[in-house]
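Undergrad: File follows, run34.pdb with PDB, N, CA and C atoms:
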```pdb
ATOM      1  N   MET A   1      -1.464  11.374  15.728
ATOM      2  CA  MET A   1      -2.853  11.538  15.353
ATOM      3  C   MET A   1      -3.688  10.476  16.059
ATOM      4  N   PRO A   2      -4.783  10.880  16.678
ATOM      5  CA  PRO A   2      -5.642   9.891  17.345
ATOM      6  C   PRO A   2      -6.146   8.853  16.352
ATOM      7  N   GLU A   3      -6.356   7.638  16.856
ATOM      8  CA  GLU A   3      -6.756   6.532  15.985
ATOM      9  C   GLU A   3      -8.083   6.775  15.287
ATOM     10  N   ASP A   4      -9.001   7.500  15.922
ATOM     11  CA  ASP A   4     -10.306   7.738  15.312
ATOM     12  C   ASP A   4     -10.273   8.886  14.301
ATOM     13  N   LYS A   5      -9.139   9.532  14.136
ATOM     14  CA  LYS A   5      -8.980  10.641  13.204
ATOM     15  C   LYS A   5      -8.292  10.153  11.936
ATOM     16  N   HIS A   6      -8.832  10.506  10.787
ATOM     17  CA  HIS A   6      -8.274  10.136   9.499
ATOM     18  C   HIS A   6      -7.343  11.248   9.031
ATOM     19  N   PRO A   7      -6.215  10.937   8.388
ATOM     20  CA  PRO A   7      -5.297  11.994   7.950
ATOM     21  C   PRO A   7      -5.947  12.992   6.985
ATOM     22  N   LEU A   8      -7.008  12.579   6.290
ATOM     23  CA  LEU A   8      -7.647  13.476   5.330
ATOM     24  C   LEU A   8      -8.806  14.274   5.932
ATOM     25  N   ASP A   9      -9.018  14.175   7.238
ATOM     26  CA  ASP A   9     -10.091  14.934   7.882
ATOM     27  C   ASP A   9      -9.939  16.436   7.647
ATOM     28  N   LEU A  10      -8.724  16.898   7.507
ATOM     29  CA  LEU A  10      -8.451  18.320   7.294
ATOM     30  C   LEU A  10      -8.970  18.795   5.933
ATOM     31  N   VAL A  11      -9.062  17.871   4.956
ATOM     32  CA  VAL A  11      -9.486  18.218   3.593
ATOM     33  C   VAL A  11     -10.684  17.335   3.232
ATOM     34  N   PRO A  12     -11.879  17.728   3.634
ATOM     35  CA  PRO A  12     -13.061  16.878   3.447
ATOM     36  C   PRO A  12     -13.324  16.454   1.998
ATOM     37  N   ASP A  13     -13.087  17.343   1.033
ATOM     38  CA  ASP A  13     -13.314  16.970  -0.375
ATOM     39  C   ASP A  13     -12.371  15.851  -0.804
ATOM     40  N   LEU A  14     -11.119  15.947  -0.394
ATOM     41  CA  LEU A  14     -10.148  14.900  -0.723
ATOM     42  C   LEU A  14     -10.498  13.595  -0.013
ATOM     43  N   LYS A  15     -10.953  13.695   1.227
ATOM     44  CA  LYS A  15     -11.372  12.507   1.970
ATOM     45  C   LYS A  15     -12.554  11.829   1.277
ATOM     46  N   ALA A  16     -13.506  12.619   0.788
ATOM     47  CA  ALA A  16     -14.662  12.059   0.085
ATOM     48  C   ALA A  16     -14.225  11.354  -1.199
ATOM     49  N   LEU A  17     -13.308  11.946  -1.950
ATOM     50  CA  LEU A  17     -12.796  11.304  -3.166
ATOM     51  C   LEU A  17     -12.077  10.003  -2.825
ATOM     52  N   ASN A  18     -11.301  10.029  -1.750
ATOM     53  CA  ASN A  18     -10.589   8.841  -1.297
ATOM     54  C   ASN A  18     -11.561   7.709  -0.955
ATOM     55  N   THR A  19     -12.607   8.062  -0.217
ATOM     56  CA  THR A  19     -13.583   7.074   0.236
ATOM     57  C   THR A  19     -14.510   6.622  -0.880
ATOM     58  N   GLU A  20     -15.069   7.580  -1.596
ATOM     59  CA  GLU A  20     -16.106   7.259  -2.579
ATOM     60  C   GLU A  20     -15.545   6.792  -3.924
ATOM     61  N   VAL A  21     -14.494   7.455  -4.411
ATOM     62  CA  VAL A  21     -13.977   7.115  -5.736
ATOM     63  C   VAL A  21     -12.876   6.061  -5.639
ATOM     64  N   LEU A  22     -11.807   6.358  -4.913
ATOM     65  CA  LEU A  22     -10.681   5.416  -4.870
ATOM     66  C   LEU A  22     -11.088   4.073  -4.274
ATOM     67  N   PHE A  23     -11.565   4.099  -3.030
ATOM     68  CA  PHE A  23     -11.907   2.822  -2.398
ATOM     69  C   PHE A  23     -13.333   2.373  -2.708
ATOM     70  N   GLY A  24     -14.197   3.298  -3.103
ATOM     71  CA  GLY A  24     -15.570   2.934  -3.418
ATOM     72  C   GLY A  24     -15.771   2.449  -4.839
ATOM     73  N   GLN A  25     -15.011   3.002  -5.795
ATOM     74  CA  GLN A  25     -15.171   2.615  -7.196
ATOM     75  C   GLN A  25     -13.956   1.884  -7.752
ATOM     76  N   VAL A  26     -12.796   2.502  -7.653
ATOM     77  CA  VAL A  26     -11.592   1.918  -8.271
ATOM     78  C   VAL A  26     -11.269   0.558  -7.662
ATOM     79  N   TRP A  27     -11.212   0.478  -6.339
ATOM     80  CA  TRP A  27     -10.893  -0.792  -5.693
ATOM     81  C   TRP A  27     -12.025  -1.806  -5.843
ATOM     82  N   ALA A  28     -13.229  -1.352  -6.143
ATOM     83  CA  ALA A  28     -14.373  -2.259  -6.304
ATOM     84  C   ALA A  28     -14.520  -2.780  -7.735
ATOM     85  N   ASP A  29     -13.790  -2.209  -8.670
ATOM     86  CA  ASP A  29     -13.856  -2.640 -10.073
ATOM     87  C   ASP A  29     -13.373  -4.084 -10.170
ATOM     88  N   ASP A  30     -14.241  -4.976 -10.635
ATOM     89  CA  ASP A  30     -13.913  -6.408 -10.613
ATOM     90  C   ASP A  30     -13.045  -6.873 -11.785
ATOM     91  N   ARG A  31     -12.562  -5.957 -12.601
ATOM     92  CA  ARG A  31     -11.656  -6.365 -13.684
ATOM     93  C   ARG A  31     -10.276  -6.754 -13.161
ATOM     94  N   LEU A  32      -9.955  -6.298 -11.976
ATOM     95  CA  LEU A  32      -8.753  -6.753 -11.265
ATOM     96  C   LEU A  32      -9.191  -7.188  -9.879
ATOM     97  N   SER A  33      -8.582  -8.256  -9.387
ATOM     98  CA  SER A  33      -8.890  -8.684  -8.027
ATOM     99  C   SER A  33      -8.255  -7.711  -7.040
ATOM    100  N   LYS A  34      -8.770  -7.697  -5.832
ATOM    101  CA  LYS A  34      -8.164  -6.855  -4.789
ATOM    102  C   LYS A  34      -6.724  -7.294  -4.533
ATOM    103  N   ARG A  35      -6.473  -8.592  -4.642
ATOM    104  CA  ARG A  35      -5.116  -9.115  -4.459
ATOM    105  C   ARG A  35      -4.165  -8.526  -5.510
ATOM    106  N   ASP A  36      -4.606  -8.538  -6.772
ATOM    107  CA  ASP A  36      -3.782  -7.977  -7.846
ATOM    108  C   ASP A  36      -3.592  -6.471  -7.668
ATOM    109  N   ARG A  37      -4.646  -5.788  -7.254
ATOM    110  CA  ARG A  37      -4.525  -4.346  -7.000
ATOM    111  C   ARG A  37      -3.517  -4.077  -5.878
ATOM    112  N   SER A  38      -3.517  -4.931  -4.863
ATOM    113  CA  SER A  38      -2.556  -4.764  -3.772
ATOM    114  C   SER A  38      -1.125  -4.973  -4.254
ATOM    115  N   ILE A  39      -0.907  -5.948  -5.124
ATOM    116  CA  ILE A  39       0.442  -6.160  -5.669
ATOM    117  C   ILE A  39       0.912  -4.903  -6.395
ATOM    118  N   ALA A  40       0.064  -4.380  -7.276
ATOM    119  CA  ALA A  40       0.430  -3.183  -8.034
ATOM    120  C   ALA A  40       0.659  -1.994  -7.104
ATOM    121  N   THR A  41      -0.215  -1.821  -6.129
ATOM    122  CA  THR A  41      -0.131  -0.671  -5.233
ATOM    123  C   THR A  41       1.110  -0.730  -4.358
ATOM    124  N   VAL A  42       1.377  -1.889  -3.774
ATOM    125  CA  VAL A  42       2.571  -2.021  -2.924
ATOM    126  C   VAL A  42       3.831  -1.779  -3.757
ATOM    127  N   ALA A  43       3.893  -2.330  -4.954
ATOM    128  CA  ALA A  43       5.064  -2.131  -5.812
ATOM    129  C   ALA A  43       5.269  -0.652  -6.132
ATOM    130  N   MET A  44       4.180   0.035  -6.484
ATOM    131  CA  MET A  44       4.304   1.461  -6.826
ATOM    132  C   MET A  44       4.686   2.309  -5.617
ATOM    133  N   LEU A  45       4.061   2.036  -4.488
ATOM    134  CA  LEU A  45       4.380   2.820  -3.291
ATOM    135  C   LEU A  45       5.813   2.576  -2.844
ATOM    136  N   ALA A  46       6.270   1.343  -2.939
ATOM    137  CA  ALA A  46       7.670   1.046  -2.597
ATOM    138  C   ALA A  46       8.605   1.775  -3.558
ATOM    139  N   ALA A  47       8.289   1.727  -4.847
ATOM    140  CA  ALA A  47       9.136   2.367  -5.863
ATOM    141  C   ALA A  47       9.193   3.877  -5.678
ATOM    142  N   MET A  48       8.091   4.465  -5.260
ATOM    143  CA  MET A  48       8.022   5.927  -5.104
ATOM    144  C   MET A  48       8.418   6.397  -3.705
ATOM    145  N   TYR A  49       8.840   5.442  -2.844
ATOM    146  CA  TYR A  49       9.307   5.812  -1.496
ATOM    147  C   TYR A  49       8.193   6.464  -0.686
ATOM    148  N   ARG A  50       6.969   5.982  -0.826
ATOM    149  CA  ARG A  50       5.819   6.527  -0.108
ATOM    150  C   ARG A  50       5.606   5.725   1.173
ATOM    151  N   THR A  51       6.427   6.009   2.155
ATOM    152  CA  THR A  51       6.534   5.208   3.371
ATOM    153  C   THR A  51       5.221   5.073   4.138
ATOM    154  N   LYS A  52       4.548   6.163   4.428
ATOM    155  CA  LYS A  52       3.324   6.088   5.241
ATOM    156  C   LYS A  52       2.231   5.314   4.515
ATOM    157  N   GLU A  53       2.063   5.584   3.239
ATOM    158  CA  GLU A  53       1.040   4.892   2.466
ATOM    159  C   GLU A  53       1.389   3.411   2.327
ATOM    160  N   LEU A  54       2.675   3.110   2.160
ATOM    161  CA  LEU A  54       3.131   1.721   2.059
ATOM    162  C   LEU A  54       2.820   0.960   3.339
ATOM    163  N   GLU A  55       2.991   1.620   4.460
ATOM    164  CA  GLU A  55       2.683   0.997   5.757
ATOM    165  C   GLU A  55       1.234   0.502   5.777
ATOM    166  N   PHE A  56       0.311   1.365   5.376
ATOM    167  CA  PHE A  56      -1.098   0.974   5.338
ATOM    168  C   PHE A  56      -1.319  -0.157   4.331
ATOM    169  N   HIS A  57      -0.754  -0.021   3.137
ATOM    170  CA  HIS A  57      -1.056  -0.967   2.068
ATOM    171  C   HIS A  57      -0.392  -2.339   2.260
ATOM    172  N   LEU A  58       0.680  -2.419   3.018
ATOM    173  CA  LEU A  58       1.236  -3.746   3.330
ATOM    174  C   LEU A  58       0.249  -4.535   4.189
ATOM    175  N   GLY A  59      -0.357  -3.879   5.151
ATOM    176  CA  GLY A  59      -1.374  -4.543   5.958
ATOM    177  C   GLY A  59      -2.619  -4.860   5.151
ATOM    178  N   PHE A  60      -3.037  -3.922   4.313
ATOM    179  CA  PHE A  60      -4.204  -4.106   3.458
ATOM    180  C   PHE A  60      -3.966  -5.260   2.478
ATOM    181  N   ALA A  61      -2.743  -5.374   1.967
ATOM    182  CA  ALA A  61      -2.400  -6.460   1.044
ATOM    183  C   ALA A  61      -2.554  -7.817   1.727
ATOM    184  N   GLN A  62      -2.180  -7.895   2.987
ATOM    185  CA  GLN A  62      -2.370  -9.147   3.725
ATOM    186  C   GLN A  62      -3.856  -9.450   3.870
ATOM    187  N   ASP A  63      -4.656  -8.431   4.119
ATOM    188  CA  ASP A  63      -6.108  -8.618   4.181
ATOM    189  C   ASP A  63      -6.660  -9.085   2.833
ATOM    190  N   ASN A  64      -5.980  -8.704   1.752
ATOM    191  CA  ASN A  64      -6.410  -9.071   0.407
ATOM    192  C   ASN A  64      -5.774 -10.365  -0.092
ATOM    193  N   GLY A  65      -5.159 -11.135   0.816
ATOM    194  CA  GLY A  65      -4.709 -12.475   0.482
ATOM    195  C   GLY A  65      -3.238 -12.665   0.209
ATOM    196  N   LEU A  66      -2.441 -11.623   0.309
ATOM    197  CA  LEU A  66      -1.001 -11.790   0.091
ATOM    198  C   LEU A  66      -0.316 -12.192   1.389
ATOM    199  N   SER A  67       0.594 -13.126   1.286
ATOM    200  CA  SER A  67       1.332 -13.572   2.466
ATOM    201  C   SER A  67       2.540 -12.659   2.689
ATOM    202  N   ARG A  68       3.073 -12.758   3.861
ATOM    203  CA  ARG A  68       4.296 -12.023   4.196
ATOM    204  C   ARG A  68       5.401 -12.379   3.214
ATOM    205  N   ASP A  69       5.583 -13.673   2.917
ATOM    206  CA  ASP A  69       6.630 -14.103   1.992
ATOM    207  C   ASP A  69       6.424 -13.537   0.594
ATOM    208  N   GLU A  70       5.170 -13.480   0.146
ATOM    209  CA  GLU A  70       4.893 -12.906  -1.176
ATOM    210  C   GLU A  70       5.233 -11.419  -1.203
ATOM    211  N   LEU A  71       4.913 -10.711  -0.140
ATOM    212  CA  LEU A  71       5.211  -9.288  -0.085
ATOM    213  C   LEU A  71       6.715  -9.033  -0.034
ATOM    214  N   LEU A  72       7.436  -9.866   0.693
ATOM    215  CA  LEU A  72       8.891  -9.721   0.737
ATOM    216  C   LEU A  72       9.512 -10.024  -0.626
ATOM    217  N   ALA A  73       8.977 -11.011  -1.340
ATOM    218  CA  ALA A  73       9.448 -11.298  -2.700
ATOM    219  C   ALA A  73       9.156 -10.121  -3.625
ATOM    220  N   LEU A  74       8.024  -9.496  -3.431
ATOM    221  CA  LEU A  74       7.673  -8.323  -4.228
ATOM    222  C   LEU A  74       8.660  -7.187  -3.971
ATOM    223  N   ILE A  75       9.034  -6.991  -2.731
ATOM    224  CA  ILE A  75      10.017  -5.944  -2.407
ATOM    225  C   ILE A  75      11.353  -6.241  -3.079
ATOM    226  N   THR A  76      11.769  -7.488  -3.092
ATOM    227  CA  THR A  76      13.010  -7.863  -3.782
ATOM    228  C   THR A  76      12.895  -7.549  -5.270
ATOM    229  N   HIS A  77      11.755  -7.852  -5.856
ATOM    230  CA  HIS A  77      11.514  -7.571  -7.272
ATOM    231  C   HIS A  77      11.605  -6.063  -7.537
ATOM    232  N   VAL A  78      11.037  -5.269  -6.641
ATOM    233  CA  VAL A  78      11.065  -3.812  -6.765
ATOM    234  C   VAL A  78      12.503  -3.295  -6.794
ATOM    235  N   ALA A  79      13.376  -3.918  -6.045
ATOM    236  CA  ALA A  79      14.772  -3.467  -5.972
ATOM    237  C   ALA A  79      15.414  -3.371  -7.353
ATOM    238  N   PHE A  80      15.087  -4.301  -8.227
ATOM    239  CA  PHE A  80      15.726  -4.339  -9.533
ATOM    240  C   PHE A  80      15.104  -3.377 -10.537
ATOM    241  N   TYR A  81      13.909  -2.922 -10.291
ATOM    242  CA  TYR A  81      13.238  -2.017 -11.221
ATOM    243  C   TYR A  81      13.130  -0.589 -10.703
ATOM    244  N   ALA A  82      13.144  -0.424  -9.391
ATOM    245  CA  ALA A  82      12.981   0.916  -8.815
ATOM    246  C   ALA A  82      14.207   1.377  -8.036
ATOM    247  N   GLY A  83      15.130   0.478  -7.795
ATOM    248  CA  GLY A  83      16.349   0.854  -7.106
ATOM    249  C   GLY A  83      16.450   0.295  -5.690
ATOM    250  N   TRP A  84      17.683   0.112  -5.298
ATOM    251  CA  TRP A  84      17.985  -0.471  -3.994
ATOM    252  C   TRP A  84      17.451   0.361  -2.835
ATOM    253  N   PRO A  85      17.641   1.694  -2.841
ATOM    254  CA  PRO A  85      17.135   2.484  -1.712
ATOM    255  C   PRO A  85      15.628   2.338  -1.505
ATOM    256  N   SER A  86      14.874   2.275  -2.585
ATOM    257  CA  SER A  86      13.423   2.096  -2.456
ATOM    258  C   SER A  86      13.098   0.761  -1.804
ATOM    259  N   ALA A  87      13.796  -0.279  -2.206
ATOM    260  CA  ALA A  87      13.542  -1.607  -1.636
ATOM    261  C   ALA A  87      13.991  -1.690  -0.180
ATOM    262  N   VAL A  88      15.097  -1.064   0.142
ATOM    263  CA  VAL A  88      15.565  -1.065   1.532
ATOM    264  C   VAL A  88      14.569  -0.319   2.413
ATOM    265  N   ASN A  89      14.067   0.813   1.928
ATOM    266  CA  ASN A  89      13.043   1.545   2.683
ATOM    267  C   ASN A  89      11.796   0.689   2.854
ATOM    268  N   ALA A  90      11.362   0.029   1.791
ATOM    269  CA  ALA A  90      10.176  -0.834   1.864
ATOM    270  C   ALA A  90      10.394  -1.966   2.861
ATOM    271  N   THR A  91      11.614  -2.475   2.932
ATOM    272  CA  THR A  91      11.939  -3.534   3.881
ATOM    273  C   THR A  91      11.803  -3.032   5.317
ATOM    274  N   ARG A  92      12.269  -1.822   5.564
ATOM    275  CA  ARG A  92      12.127  -1.223   6.901
ATOM    276  C   ARG A  92      10.650  -1.078   7.277
ATOM    277  N   VAL A  93       9.851  -0.619   6.320
ATOM    278  CA  VAL A  93       8.420  -0.455   6.567
ATOM    279  C   VAL A  93       7.786  -1.813   6.836
ATOM    280  N   ALA A  94       8.137  -2.795   6.016
ATOM    281  CA  ALA A  94       7.581  -4.154   6.185
ATOM    282  C   ALA A  94       7.943  -4.719   7.554
ATOM    283  N   GLU A  95       9.159  -4.486   7.989
ATOM    284  CA  GLU A  95       9.580  -4.988   9.301
ATOM    285  C   GLU A  95       8.681  -4.426  10.404
ATOM    286  N   GLU A  96       8.357  -3.139  10.314
ATOM    287  CA  GLU A  96       7.481  -2.524  11.312
ATOM    288  C   GLU A  96       6.070  -3.089  11.230
ATOM    289  N   VAL A  97       5.560  -3.261  10.013
ATOM    290  CA  VAL A  97       4.201  -3.760   9.829
ATOM    291  C   VAL A  97       4.082  -5.195  10.292
ATOM    292  N   PHE A  98       5.065  -6.026   9.994
ATOM    293  CA  PHE A  98       4.999  -7.451  10.283
ATOM    294  C   PHE A  98       5.289  -7.772  11.745
ATOM    295  N   ASP A  99       5.883  -6.842  12.487
ATOM    296  CA  ASP A  99       6.170  -7.106  13.915
ATOM    297  C   ASP A  99       4.959  -6.929  14.778
TER     298      ASP A  99
END
```
Represent the supplied structure as structure tokens.
TA:
Amino acid sequence: MPEDKHPLDLVPDLKALNTEVLFGQVWADDRLSKRDRSIATVAMLAAMYRTKELEFHLGFAQDNGLSRDELLALITHVAFYAGWPSAVNATRVAEEVFD
């Protein structure tokens, strides 16, 4: 997919919800910091084996103040609650993102 193309371009209504509601309202809610939201999101995506979304959110988490070491510790934590395969997959994704 070209870099200027968004994966949700095919479904404009879903793209609008993603932009306006998810990232426009939910991520902007100040009851949780963006850093805390990134911790929760990375943990859930790793647990659910959502590889492509995890790839984006590992980078986004770094933008939101999480260090590489913190993210790797989070992946280790996920292993015990979501299973080894999920954590191993998350590790593979992290390796690609961090390189």
Undergrad: Can you work out the spacing between atom CA of Ala47 of chain A and atom C of Gly83 of chain A in Å, to one decimal?
TA: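 Separation of atom CA of Ala47 of chain A and atom C of Gly83 of chain A: 7.6 Å.
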Undergrad: Record the distance separating atom N of Asp99 of chain A and atom CA of Asp63 of chain A, expressed in Å with one decimal.
TA: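 Straight-line distance from atom N of Asp99 of chain A to atom CA of Asp63 of chain A works out to 14.7 Å.
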Undergrad: Mind telling me what the PyMOL selection byres (((chain A and resi 60 and name CA) around 12) and name CA) catches here, as a PDB file with N, CA and C atoms, in the frame of the given file?
TA:
```
ATOM      1  N   PHE A  23     -11.565   4.099  -3.030  1.00  0.00           N
ATOM      2  CA  PHE A  23     -11.907   2.822  -2.398  1.00  0.00           C
ATOM      3  C   PHE A  23     -13.333   2.373  -2.708  1.00  0.00           C
ATOM      4  N   TRP A  27     -11.212   0.478  -6.339  1.00  0.00           N
ATOM      5  CA  TRP A  27     -10.893  -0.792  -5.693  1.00  0.00           C
ATOM      6  C   TRP A  27     -12.025  -1.806  -5.843  1.00  0.00           C
ATOM      7  N   LYS A  34      -8.770  -7.697  -5.832  1.00  0.00           N
ATOM      8  CA  LYS A  34      -8.164  -6.855  -4.789  1.00  0.00           C
ATOM      9  C   LYS A  34      -6.724  -7.294  -4.533  1.00  0.00           C
ATOM     10  N   ARG A  35      -6.473  -8.592  -4.642  1.00  0.00           N
ATOM     11  CA  ARG A  35      -5.116  -9.115  -4.459  1.00  0.00           C
ATOM     12  C   ARG A  35      -4.165  -8.526  -5.510  1.00  0.00           C
ATOM     13  N   ASP A  36      -4.606  -8.538  -6.772  1.00  0.00           N
ATOM     14  CA  ASP A  36      -3.782  -7.977  -7.846  1.00  0.00           C
ATOM     15  C   ASP A  36      -3.592  -6.471  -7.668  1.00  0.00           C
ATOM     16  N   ARG A  37      -4.646  -5.788  -7.254  1.00  0.00           N
ATOM     17  CA  ARG A  37      -4.525  -4.346  -7.000  1.00  0.00           C
ATOM     18  C   ARG A  37      -3.517  -4.077  -5.878  1.00  0.00           C
ATOM     19  N   SER A  38      -3.517  -4.931  -4.863  1.00  0.00           N
ATOM     20  CA  SER A  38      -2.556  -4.764  -3.772  1.00  0.00           C
ATOM     21  C   SER A  38      -1.125  -4.973  -4.254  1.00  0.00           C
ATOM     22  N   ILE A  39      -0.907  -5.948  -5.124  1.00  0.00           N
ATOM     23  CA  ILE A  39       0.442  -6.160  -5.669  1.00  0.00           C
ATOM     24  C   ILE A  39       0.912  -4.903  -6.395  1.00  0.00           C
ATOM     25  N   THR A  41      -0.215  -1.821  -6.129  1.00  0.00           N
ATOM     26  CA  THR A  41      -0.131  -0.671  -5.233  1.00  0.00           C
ATOM     27  C   THR A  41       1.110  -0.730  -4.358  1.00  0.00           C
ATOM     28  N   VAL A  42       1.377  -1.889  -3.774  1.00  0.00           N
ATOM     29  CA  VAL A  42       2.571  -2.021  -2.924  1.00  0.00           C
ATOM     30  C   VAL A  42       3.831  -1.779  -3.757  1.00  0.00           C
ATOM     31  N   GLU A  53       2.063   5.584   3.239  1.00  0.00           N
ATOM     32  CA  GLU A  53       1.040   4.892   2.466  1.00  0.00           C
ATOM     33  C   GLU A  53       1.389   3.411   2.327  1.00  0.00           C
ATOM     34  N   LEU A  54       2.675   3.110   2.160  1.00  0.00           N
ATOM     35  CA  LEU A  54       3.131   1.721   2.059  1.00  0.00           C
ATOM     36  C   LEU A  54       2.820   0.960   3.339  1.00  0.00           C
ATOM     37  N   GLU A  55       2.991   1.620   4.460  1.00  0.00           N
ATOM     38  CA  GLU A  55       2.683   0.997   5.757  1.00  0.00           C
ATOM     39  C   GLU A  55       1.234   0.502   5.777  1.00  0.00           C
ATOM     40  N   PHE A  56       0.311   1.365   5.376  1.00  0.00           N
ATOM     41  CA  PHE A  56      -1.098   0.974   5.338  1.00  0.00           C
ATOM     42  C   PHE A  56      -1.319  -0.157   4.331  1.00  0.00           C
ATOM     43  N   HIS A  57      -0.754  -0.021   3.137  1.00  0.00           N
ATOM     44  CA  HIS A  57      -1.056  -0.967   2.068  1.00  0.00           C
ATOM     45  C   HIS A  57      -0.392  -2.339   2.260  1.00  0.00           C
ATOM     46  N   LEU A  58       0.680  -2.419   3.018  1.00  0.00           N
ATOM     47  CA  LEU A  58       1.236  -3.746   3.330  1.00  0.00           C
ATOM     48  C   LEU A  58       0.249  -4.535   4.189  1.00  0.00           C
ATOM     49  N   GLY A  59      -0.357  -3.879   5.151  1.00  0.00           N
ATOM     50  CA  GLY A  59      -1.374  -4.543   5.958  1.00  0.00           C
ATOM     51  C   GLY A  59      -2.619  -4.860   5.151  1.00  0.00           C
ATOM     52  N   ALA A  61      -2.743  -5.374   1.967  1.00  0.00           N
ATOM     53  CA  ALA A  61      -2.400  -6.460   1.044  1.00  0.00           C
ATOM     54  C   ALA A  61      -2.554  -7.817   1.727  1.00  0.00           C
ATOM     55  N   GLN A  62      -2.180  -7.895   2.987  1.00  0.00           N
ATOM     56  CA  GLN A  62      -2.370  -9.147   3.725  1.00  0.00           C
ATOM     57  C   GLN A  62      -3.856  -9.450   3.870  1.00  0.00           C
ATOM     58  N   ASP A  63      -4.656  -8.431   4.119  1.00  0.00           N
ATOM     59  CA  ASP A  63      -6.108  -8.618   4.181  1.00  0.00           C
ATOM     60  C   ASP A  63      -6.660  -9.085   2.833  1.00  0.00           C
ATOM     61  N   ASN A  64      -5.980  -8.704   1.752  1.00  0.00           N
ATOM     62  CA  ASN A  64      -6.410  -9.071   0.407  1.00  0.00           C
ATOM     63  C   ASN A  64      -5.774 -10.365  -0.092  1.00  0.00           C
ATOM     64  N   GLY A  65      -5.159 -11.135   0.816  1.00  0.00           N
ATOM     65  CA  GLY A  65      -4.709 -12.475   0.482  1.00  0.00           C
ATOM     66  C   GLY A  65      -3.238 -12.665   0.209  1.00  0.00           C
ATOM     67  N   LEU A  66      -2.441 -11.623   0.309  1.00  0.00           N
ATOM     68  CA  LEU A  66      -1.001 -11.790   0.091  1.00  0.00           C
ATOM     69  C   LEU A  66      -0.316 -12.192   1.389  1.00  0.00           C
ATOM     70  N   SER A  67       0.594 -13.126   1.286  1.00  0.00           N
ATOM     71  CA  SER A  67       1.332 -13.572   2.466  1.00  0.00           C
ATOM     72  C   SER A  67       2.540 -12.659   2.689  1.00  0.00           C
ATOM     73  N   ARG A  68       3.073 -12.758   3.861  1.00  0.00           N
ATOM     74  CA  ARG A  68       4.296 -12.023   4.196  1.00  0.00           C
ATOM     75  C   ARG A  68       5.401 -12.379   3.214  1.00  0.00           C
ATOM     76  N   LEU A  71       4.913 -10.711  -0.140  1.00  0.00           N
ATOM     77  CA  LEU A  71       5.211  -9.288  -0.085  1.00  0.00           C
ATOM     78  C   LEU A  71       6.715  -9.033  -0.034  1.00  0.00           C
ATOM     79  N   VAL A  97       5.560  -3.261  10.013  1.00  0.00           N
ATOM     80  CA  VAL A  97       4.201  -3.760   9.829  1.00  0.00           C
ATOM     81  C   VAL A  97       4.082  -5.195  10.292  1.00  0.00           C
ATOM     82  N   PHE A  98       5.065  -6.026   9.994  1.00  0.00           N
ATOM     83  CA  PHE A  98       4.999  -7.451  10.283  1.00  0.00           C
ATOM     84  C   PHE A  98       5.289  -7.772  11.745  1.00  0.00           C
TER      85      PHE A  98
END
```
Undergrad: Taking all listed atoms of segment 10-26 of chain A, build the axis-aligned box, pad each of the six sides by 3 Å, then write its centre and edge lengths in Å to one decimal as JSON.
TA:
```
{"center_x": -12.3, "center_y": 9.7, "center_z": -0.4, "size_x": 13.7, "size_y": 24.2, "size_z": 21.8}
```
Undergrad: Expressed in Å to a single decimal, how great is the separation between atom CA of Ala94 of chain A and atom CA of Tyr81 of chain A?
TA: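 Computed distance, atom CA of Ala94 of chain A to atom CA of Tyr81 of chain A, equals 18.4 Å.
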Undergrad: Find the residues around Ala82 of chain A up to 12 Å (only C-alpha atoms counted), leave out those fewer than 6 positions away in its own chain, and share them as a PyMOL selection string.
TA: chain A and resi 43-49+74-76+88-90
